[in-house]
Amino acid sequence: MDIRETAARYYDQNPDFPDDIPFYLGLIPPDASVLELGCGTGRVTLPLAGHCSYIQGIDLSPAMIQIGRERLQQAGIPPEKARLELGDITNLNLGRRFDWIIAPFRVLQNLETDGQVDGLFQVIRSHLAPDGNCILNVFHPNRDQQGLCEQWVDPQEQPDWEKMVDGERVVCSSLAAAMDKEKLVLYPQIIYRRYRGDTLLDEAVLKIVMRCYYPHDFESLVENHDFKIVNRWGGYHGESYGHGPELVLQFGMGSRSKRPG
Ligand SMILES: C[S@@+](CC[C@H](N)C(=O)[O-])C[C@H]1O[C@@H](n2cnc3c(N)ncnc32)[C@H](O)[C@@H]1O
């Protein structure tokens, strides 16, 4: 089942994406090959396709991938430069390695269980070149763990954004539906409604998983999977780690992973 089937068409309307594209363009050299895990509709794939030697995007959602493929085609980007394929980033074997692996806009947080997270790190290990680099990102929770557990759930739908698209009004709101307080997993619902005048034309509800990580836990997660952190940021505008809205880690293979055999 594709949980994004009906909501995918609204994804690119979001006016609040992080300003991460210049960050990736500045970090990844032009001759690099890139694997993008959870590429969605190609928001980051497209600008990187014009920049690096090759980018391969993987996503679980046929609806998101379909939009991304249409965008690549419309931009005239050939398959030798960029390719989007259906796949599960927790269980994947492409049979090749990449100079860079990225998973922009908090893809890691969509993985609910320890088994899925372990699977992702195994996929990174088997697809990263020996001297390659991986970047993962999560949001920095804006309150401490106790506050998150006590205050996050809210049965009231909250307005997020609203905009006109081709003469129709698209309204997005969200609902903080439930939380697993032990595993720090949030279960938000994103609700898109499309109107012509006052007439409701469409309603799509996306129920997602957002597993939360605090700065130290995120670093430990990476290091405990035998990767070596080489850079850390707190956002995309020079914020230091732990002092901004995002947590961004760049890491390479650890010593055990690099050992042959
Ligand atoms: C928040 S979107 C980010 C999309 C894109 N990276 C961006 O920056 O706009 C998260 C994406 O991760 C994908 N995703 C979540 N779990 C996945 C999995 N196990 N395998 C592949 N893709 C997954 C979703 O389908 C979705 O398109």
# chains A, B, ... in the order shown; residues from 1 in each chain; ligands from 1
call {"tool": "residues_around", "arguments": {"residues": "segment 79-96 of chain A", "least_positions_apart": "4", "cutoff": "9 Å", "atoms": "only C-alpha atoms", "output": "PyMOL selection string"}}
result
chain A and resi 37-39+42+45-46+48-50+52-62+65-66+68-69+72+111+115-124+126-129
call {"tool": "residues_around", "arguments": {"residues": "Arg4 of chain A", "least_positions_apart": "3", "cutoff": "10 Å", "atoms": "only C-alpha atoms", "output": "PyMOL selection string"}}
result
chain A and resi 1+7-11+40+60-64+204-208
call {"tool": "select_by_dssp", "arguments": {"residues": "segment 64-164 of chain A", "states": "strand (DSSP E)", "output": "PyMOL selection string"}}
result
chain A and resi 82-86+98-102+128-139+154-164
call {"tool": "atom_distance", "arguments": {"atom1": "atom 20 (N, counted along the ligand's line) of ligand 1", "atom2": "atom CA of Arg194 of chain A"}}
result
27.8 Å
call {"tool": "atom_distance", "arguments": {"atom1": "atom CA of Val153 of chain A", "atom2": "atom CA of Gly235 of chain A"}}
result
25.4 Å
call {"tool": "closest_residue", "arguments": {"among": "A:Glu112, A:Glu182, A:Asp144, A:Glu70", "to": "ligand 1", "atoms": "only C-alpha atoms and all ligand atoms"}}
result
A:Glu112
